[in-house]
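Presented below is the structure to which this report refers.
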Amino acid sequence: MTHALNRFEPSLREIAGPVFTEIVTTTLTQQDWAEDEISRAQQRHPDVAGVLHHSFSLLTATHERMSTEFIYRAHARELIERVATGVSTKPGTSVEVVLLLMRASLVTPLNTTAFGLYLRMWRQAGLPDLGGPIAGLDGHYEAIDASGIDDFEAIARRKLAMPSRVLTLVACEGRHLGEPADCRFASARAA
């Protein structure tokens, strides 16, 4: 990220302190990642590119670990794909489930079903290959208790659901980034 913030960073640090500067920097960086993921999705789904343009508001980080690029991008990518395919954006994402299970594993060991869910969600999120002795184990856990993992997944996604994570009524003037756009949210008056 090398945009305008760098020009203000020294004075921002002096005025607001390093913690605030870190938060602002992280937020702006996540915005760059979100815009990039939206752009990539628009290329994959040109038929709903206009709708995807308006999906930015859904891409709020929900966990401090989302300051890590590959984690945030996986979370954003899943939500954008849901928008593109018309699937609800309310349930927890695969990344949110992984982070929940990671936190739980710090308190108590995960049982077979929970660890199987962890591996499934990691794979579904498209997170980097774990390698080592864990690589390829998800198939074994699926063979042991796929239906239990299915049940745990449904429960976790439901518990992590965010009822407000929906595309609200969008007021589009038929222009995206200053260019005319064929957008289903554009009002007849604006077109």
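Chain labels A, B, ... are given in the sequence in which chains occur in the structure tokens; within each chain residues are numbered consecutively from 1, and ligands are likewise numbered from 1 in the order shown.
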Could you pull out the alpha helix (DSSP H) residues of chain A from DSSP and send them as number ranges by chain? A: 5-16, 18-44, 49-53, 69-85, 94-105, 112-125, 138-159
Among chain A, which ones does DSSP assign to strand (DSSP E) (computed from the backbone)? Answer as a ChimeraX atom specification. /A:175-176,179-180
Export of prior selection with N, CA, C and O atoms as an mmCIF file, in the first residue's frame:
data_model
loop_
_atom_site.group_PDB
_atom_site.id
_atom_site.type_symbol
_atom_site.label_atom_id
_atom_site.label_comp_id
_atom_site.auth_asym_id
_atom_site.auth_seq_id
_atom_site.Cartn_x
_atom_site.Cartn_y
_atom_site.Cartn_z
ATOM 1 N N ARG A 175 -23.355 4.849 -12.619
ATOM 2 C CA ARG A 175 -21.939 5.105 -12.873
ATOM 3 C C ARG A 175 -21.128 4.399 -11.781
ATOM 4 O O ARG A 175 -21.432 4.518 -10.611
ATOM 5 N N HIS A 176 -20.099 3.699 -12.196
ATOM 6 C CA HIS A 176 -19.183 3.050 -11.259
ATOM 7 C C HIS A 176 -17.793 3.589 -11.520
ATOM 8 O O HIS A 176 -17.301 3.509 -12.646
ATOM 9 N N GLU A 179 -17.485 5.905 -14.468
ATOM 10 C CA GLU A 179 -17.808 5.404 -15.808
ATOM 11 C C GLU A 179 -19.250 4.906 -15.856
ATOM 12 O O GLU A 179 -19.751 4.352 -14.867
ATOM 13 N N PRO A 180 -19.938 5.080 -16.998
ATOM 14 C CA PRO A 180 -21.294 4.528 -17.125
ATOM 15 C C PRO A 180 -21.270 3.021 -16.874
ATOM 16 O O PRO A 180 -20.353 2.325 -17.308
#
How many Å lie between atom CA of A:Glu37 and atom CA of A:Ala104, rounded to one decimal? 29.1 Å
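Distance check against A:Leu167 using only C-alpha atoms: of A:Lys90, A:Gln43, A:Ala154, A:Asp32, the minimum falls on A:Lys90.
Among the candidates A:Gly17, A:Pro91, A:Pro46, A:Gly136, the one nearest to A:Ile155 when counting only C-alpha atoms is A:Pro91.
Using only C-alpha atoms, the shortest contact distance between A:Arg123 and any of A:Ser94, A:Thr25, A:Ser105, A:Ser147 is found at A:Ser94.
For the pair atom CA of A:Ala146 and atom CA of A:His75, the interatomic distance is 23.4 Å.
Among the candidates A:Leu79, A:Ala143, A:Met66, A:Ala171, the residue lying nearest to A:Thr27 is A:Met66 (atoms considered: only C-alpha atoms).
Atom CA of A:Gly131 lies 20.3 Å from atom CA of A:Val97.
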